[in-house]
$ cat run.pdb   # PDB, C-alpha atoms
ATOM      1  CA  MET X   1     113.287 -58.174 147.642
ATOM      2  CA  PRO X   2     111.803 -56.847 144.327
ATOM      3  CA  GLY X   3     110.916 -53.561 146.091
ATOM      4  CA  PHE X   4     114.559 -53.186 147.052
ATOM      5  CA  LEU X   5     115.500 -53.235 143.374
ATOM      6  CA  LEU X   6     113.057 -50.401 142.665
ATOM      7  CA  VAL X   7     114.338 -48.266 145.540
ATOM      8  CA  ARG X   8     117.887 -48.438 144.236
ATOM      9  CA  ALA X   9     116.634 -47.270 140.805
ATOM     10  CA  ARG X  10     119.450 -48.996 138.987
ATOM     11  CA  PRO X  11     119.267 -51.569 136.221
ATOM     12  CA  CYS X  12     119.870 -55.113 137.345
ATOM     13  CA  PHE X  13     121.321 -58.047 135.482
ATOM     14  CA  GLN X  14     119.107 -60.703 133.961
ATOM     15  CA  SER X  15     120.794 -63.247 136.205
ATOM     16  CA  SER X  16     119.710 -61.233 139.278
ATOM     17  CA  VAL X  17     116.097 -61.205 138.098
ATOM     18  CA  ASN X  18     116.291 -64.928 137.344
ATOM     19  CA  PHE X  19     117.660 -65.620 140.842
ATOM     20  CA  ILE X  20     114.780 -63.669 142.430
ATOM     21  CA  LEU X  21     112.191 -65.458 140.263
ATOM     22  CA  LEU X  22     113.753 -68.837 141.059
ATOM     23  CA  ASP X  23     113.558 -68.075 144.778
ATOM     24  CA  ILE X  24     109.899 -66.982 144.514
ATOM     25  CA  VAL X  25     108.900 -70.142 142.622
ATOM     26  CA  LYS X  26     110.936 -72.385 144.939
ATOM     27  CA  THR X  27     109.351 -70.844 148.060
ATOM     28  CA  TYR X  28     105.837 -71.009 146.622
ATOM     29  CA  ASN X  29     106.224 -74.630 145.501
ATOM     30  CA  GLN X  30     107.595 -75.701 148.883
ATOM     31  CA  GLU X  31     104.624 -74.106 150.649
ATOM     32  CA  GLU X  32     102.206 -75.582 148.100
ATOM     33  CA  ARG X  33     103.610 -79.080 148.611
ATOM     34  CA  GLU X  34     103.121 -78.734 152.367
ATOM     35  CA  ARG X  35      99.554 -77.426 151.939
ATOM     36  CA  ALA X  36      98.704 -80.187 149.481
ATOM     37  CA  LYS X  37     100.053 -82.830 151.855
ATOM     38  CA  ARG X  38      97.920 -81.457 154.724
ATOM     39  CA  GLU X  39      94.872 -81.333 152.435
ATOM     40  CA  ARG X  40      95.610 -84.763 150.922
ATOM     41  CA  ARG X  41      95.693 -83.553 147.345
ATOM     42  CA  LYS X  42      98.146 -83.277 144.492
ATOM     43  CA  PRO X  43     100.216 -80.061 144.647
ATOM     44  CA  GLU X  44      99.710 -77.458 141.943
ATOM     45  CA  GLU X  45     103.225 -76.128 141.544
ATOM     46  CA  MET X  46     104.319 -73.040 139.633
ATOM     47  CA  PRO X  47     106.430 -73.690 136.548
ATOM     48  CA  HIS X  48     109.919 -72.290 136.055
ATOM     49  CA  ILE X  49     109.843 -68.533 135.281
ATOM     50  CA  SER X  50     112.731 -66.537 133.845
ATOM     51  CA  ALA X  51     113.351 -62.977 132.716
ATOM     52  CA  HIS X  52     113.285 -64.232 129.130
ATOM     53  CA  ILE X  53     109.867 -65.829 129.624
ATOM     54  CA  LEU X  54     108.539 -62.551 131.067
ATOM     55  CA  ARG X  55     109.981 -60.620 128.104
ATOM     56  CA  HIS X  56     108.444 -63.044 125.615
ATOM     57  CA  THR X  57     105.061 -62.875 127.356
ATOM     58  CA  ALA X  58     105.095 -59.063 127.446
ATOM     59  CA  CYS X  59     105.906 -58.816 123.754
ATOM     60  CA  THR X  60     103.284 -61.410 122.836
ATOM     61  CA  ARG X  61     100.626 -59.512 124.809
ATOM     62  CA  MET X  62     101.599 -56.246 123.079
ATOM     63  CA  ALA X  63     101.209 -57.950 119.693
ATOM     64  CA  GLU X  64      97.869 -59.480 120.721
ATOM     65  CA  THR X  65      96.451 -56.072 121.648
ATOM     66  CA  ASN X  66      97.178 -54.848 118.117
ATOM     67  CA  LEU X  67      99.739 -52.341 119.313
ATOM     68  CA  ASP X  68     101.504 -50.852 116.289
ATOM     69  CA  ILE X  69     104.080 -53.500 115.412
ATOM     70  CA  LYS X  70     106.742 -50.841 114.799
ATOM     71  CA  VAL X  71     106.203 -49.632 118.376
ATOM     72  CA  VAL X  72     106.539 -53.211 119.634
ATOM     73  CA  GLN X  73     109.762 -53.538 117.622
ATOM     74  CA  TYR X  74     111.113 -50.353 119.209
ATOM     75  CA  VAL X  75     110.125 -51.330 122.763
ATOM     76  CA  MET X  76     111.701 -54.771 122.374
ATOM     77  CA  GLY X  77     114.857 -53.358 120.815
ATOM     78  CA  HIS X  78     114.699 -55.507 117.703
ATOM     79  CA  ALA X  79     116.917 -54.208 114.895
ATOM     80  CA  ASN X  80     114.807 -55.983 112.301
ATOM     81  CA  ILE X  81     111.000 -56.088 112.293
ATOM     82  CA  SER X  82     111.059 -59.676 111.042
ATOM     83  CA  ALA X  83     112.143 -60.825 114.528
ATOM     84  CA  THR X  84     109.127 -59.087 116.023
ATOM     85  CA  MET X  85     106.720 -60.397 113.385
ATOM     86  CA  ASP X  86     108.007 -63.965 113.149
ATOM     87  CA  VAL X  87     108.579 -64.703 116.823
ATOM     88  CA  TYR X  88     105.957 -62.669 118.667
ATOM     89  CA  ASN X  89     103.060 -62.037 116.323
ATOM     90  CA  HIS X  90     101.811 -65.614 116.217
ATOM     91  CA  VAL X  91      98.155 -66.403 115.752
ATOM     92  CA  THR X  92      96.888 -68.505 118.639
ATOM     93  CA  ASP X  93      93.536 -66.929 119.466
ATOM     94  CA  GLN X  94      90.681 -68.522 117.500
ATOM     95  CA  GLU X  95      88.486 -65.443 118.017
ATOM     96  CA  ARG X  96      91.205 -63.256 116.503
ATOM     97  CA  ILE X  97      91.268 -65.470 113.403
ATOM     98  CA  VAL X  98      87.473 -65.289 113.040
ATOM     99  CA  ARG X  99      87.503 -61.472 113.479
ATOM    100  CA  GLU X 100      90.196 -60.985 110.866
ATOM    101  CA  ILE X 101      88.515 -63.259 108.327
ATOM    102  CA  ALA X 102      85.197 -61.452 108.941
ATOM    103  CA  LYS X 103      86.877 -58.265 107.722
ATOM    104  CA  LEU X 104      86.954 -59.835 104.257
ATOM    105  CA  ASP X 105      83.144 -59.735 104.197
ATOM    106  CA  GLU X 106      83.285 -55.959 104.710
ATOM    107  CA  VAL X 107      85.437 -55.356 101.631
ATOM    108  CA  ARG X 108      83.392 -53.893  98.778
ATOM    109  CA  VAL X 109      84.475 -53.962  95.199
ATOM    110  CA  MET X 110      83.583 -50.761  93.360
TER
END
$ encode --input "run.pdb" --output "structure tokens"
Amino acid sequence: MPGFLLVRARPCFQSSVNFILLDIVKTYNQEERERAKRERRKPEEMPHISAHILRHTACTRMAETNLDIKVVQYVMGHANISATMDVYNHVTDQERIVREIAKLDEVRVM
């Protein structure tokens, strides 16, 4: 089904993407429940996925790779950079915090 959307080369509504994602997760979880039952284990189901979640994840990953934040703002279509900075540029990676603080040691006062 997703390939069909690419062949048509037309934008699709968020609700259409959400319907496709819902169907994928529903199908996977049904098959996983059946496999888990046969294997006598607890099923490991996929969580709900939406177009908004994919958008948020993409923007977060762009911010995490230190992509120019003005470019991220443009790609996401945010009118104000504060939306990009406040919502998507959160600090969750401990290694990133350590790296940034280490930069302070490199600063030399002349």
$ resolve_selection --input "run.pdb" --expression "the PyMOL selection byres ((chain X and resi 67-77) around 12)" --output "PyMOL selection string"
chain X and resi 52+55-66+78-89
$ residues_around --input "run.pdb" --residues "region 25-31 of chain X" --least-positions-apart "2" --cutoff "12 Å" --atoms "all atoms listed in the file" --output "list in words"
Asn18, Phe19, Ile20, Leu21, Leu22, Asp23, Arg33, Glu34, Arg35, Ala36, Lys37, Arg38, Lys42, Pro43, Glu44, Glu45, Met46, Pro47, His48, Ile49 and Ser50 of chain X
$ atom_distance --input "run.pdb" --atom1 "CA of Ile97 (chain X)" --atom2 "CA of Ile53 (chain X)"
24.7 Å
$ atom_distance --input "run.pdb" --atom1 "CA of Val17 (chain X)" --atom2 "CA of Glu32 (chain X)"
22.4 Å
$ closest_residue --input "run.pdb" --among "X:Val98, X:Glu106, X:Ala51, X:Arg40" --to "Phe13 (chain X)" --atoms "all atoms listed in the file"
X:Ala51
$ atom_distance --input "run.pdb" --atom1 "CA of Pro11 (chain X)" --atom2 "CA of Leu54 (chain X)"
16.2 Å
$ build_atoms --input "run.pdb" --residues "region 66-80 of chain X" --atoms "N, CA, C and O atoms" --output "PDB file, in the frame of the given file"
ATOM      1  N   ASN X  66      97.098 -55.608 119.361  1.00  0.00           N
ATOM      2  CA  ASN X  66      97.178 -54.848 118.117  1.00  0.00           C
ATOM      3  C   ASN X  66      97.929 -53.537 118.268  1.00  0.00           C
ATOM      4  O   ASN X  66      97.663 -52.570 117.559  1.00  0.00           O
ATOM      5  N   LEU X  67      98.860 -53.491 119.193  1.00  0.00           N
ATOM      6  CA  LEU X  67      99.739 -52.341 119.313  1.00  0.00           C
ATOM      7  C   LEU X  67     100.517 -52.243 118.004  1.00  0.00           C
ATOM      8  O   LEU X  67     100.885 -53.277 117.433  1.00  0.00           O
ATOM      9  N   ASP X  68     100.748 -51.048 117.530  1.00  0.00           N
ATOM     10  CA  ASP X  68     101.504 -50.852 116.289  1.00  0.00           C
ATOM     11  C   ASP X  68     102.777 -51.680 116.355  1.00  0.00           C
ATOM     12  O   ASP X  68     103.573 -51.550 117.282  1.00  0.00           O
ATOM     13  N   ILE X  69     102.969 -52.552 115.375  1.00  0.00           N
ATOM     14  CA  ILE X  69     104.080 -53.500 115.412  1.00  0.00           C
ATOM     15  C   ILE X  69     105.433 -52.795 115.370  1.00  0.00           C
ATOM     16  O   ILE X  69     106.413 -53.295 115.915  1.00  0.00           O
ATOM     17  N   LYS X  70     105.493 -51.614 114.781  1.00  0.00           N
ATOM     18  CA  LYS X  70     106.742 -50.841 114.799  1.00  0.00           C
ATOM     19  C   LYS X  70     107.042 -50.337 116.212  1.00  0.00           C
ATOM     20  O   LYS X  70     108.190 -50.252 116.614  1.00  0.00           O
ATOM     21  N   VAL X  71     106.016 -50.037 116.982  1.00  0.00           N
ATOM     22  CA  VAL X  71     106.203 -49.632 118.376  1.00  0.00           C
ATOM     23  C   VAL X  71     106.702 -50.831 119.187  1.00  0.00           C
ATOM     24  O   VAL X  71     107.623 -50.710 119.998  1.00  0.00           O
ATOM     25  N   VAL X  72     106.102 -51.996 118.948  1.00  0.00           N
ATOM     26  CA  VAL X  72     106.539 -53.211 119.634  1.00  0.00           C
ATOM     27  C   VAL X  72     108.011 -53.483 119.306  1.00  0.00           C
ATOM     28  O   VAL X  72     108.804 -53.790 120.191  1.00  0.00           O
ATOM     29  N   GLN X  73     108.375 -53.339 118.034  1.00  0.00           N
ATOM     30  CA  GLN X  73     109.762 -53.538 117.622  1.00  0.00           C
ATOM     31  C   GLN X  73     110.686 -52.600 118.395  1.00  0.00           C
ATOM     32  O   GLN X  73     111.717 -53.018 118.916  1.00  0.00           O
ATOM     33  N   TYR X  74     110.297 -51.345 118.507  1.00  0.00           N
ATOM     34  CA  TYR X  74     111.113 -50.353 119.209  1.00  0.00           C
ATOM     35  C   TYR X  74     111.245 -50.698 120.696  1.00  0.00           C
ATOM     36  O   TYR X  74     112.344 -50.700 121.250  1.00  0.00           O
ATOM     37  N   VAL X  75     110.123 -51.008 121.333  1.00  0.00           N
ATOM     38  CA  VAL X  75     110.125 -51.330 122.763  1.00  0.00           C
ATOM     39  C   VAL X  75     111.003 -52.549 123.041  1.00  0.00           C
ATOM     40  O   VAL X  75     111.746 -52.579 124.023  1.00  0.00           O
ATOM     41  N   MET X  76     110.944 -53.542 122.169  1.00  0.00           N
ATOM     42  CA  MET X  76     111.701 -54.771 122.374  1.00  0.00           C
ATOM     43  C   MET X  76     113.161 -54.629 121.972  1.00  0.00           C
ATOM     44  O   MET X  76     113.989 -55.458 122.315  1.00  0.00           O
ATOM     45  N   GLY X  77     113.476 -53.580 121.221  1.00  0.00           N
ATOM     46  CA  GLY X  77     114.857 -53.358 120.815  1.00  0.00           C
ATOM     47  C   GLY X  77     115.307 -54.234 119.665  1.00  0.00           C
ATOM     48  O   GLY X  77     116.497 -54.491 119.500  1.00  0.00           O
ATOM     49  N   HIS X  78     114.353 -54.680 118.850  1.00  0.00           N
ATOM     50  CA  HIS X  78     114.699 -55.507 117.703  1.00  0.00           C
ATOM     51  C   HIS X  78     115.209 -54.628 116.566  1.00  0.00           C
ATOM     52  O   HIS X  78     114.553 -53.660 116.179  1.00  0.00           O
ATOM     53  N   ALA X  79     116.359 -54.964 116.015  1.00  0.00           N
ATOM     54  CA  ALA X  79     116.917 -54.208 114.895  1.00  0.00           C
ATOM     55  C   ALA X  79     116.104 -54.436 113.624  1.00  0.00           C
ATOM     56  O   ALA X  79     115.963 -53.537 112.804  1.00  0.00           O
ATOM     57  N   ASN X  80     115.548 -55.628 113.503  1.00  0.00           N
ATOM     58  CA  ASN X  80     114.807 -55.983 112.301  1.00  0.00           C
ATOM     59  C   ASN X  80     113.378 -56.360 112.671  1.00  0.00           C
ATOM     60  O   ASN X  80     113.169 -57.167 113.577  1.00  0.00           O
TER      61      ASN X  80
END
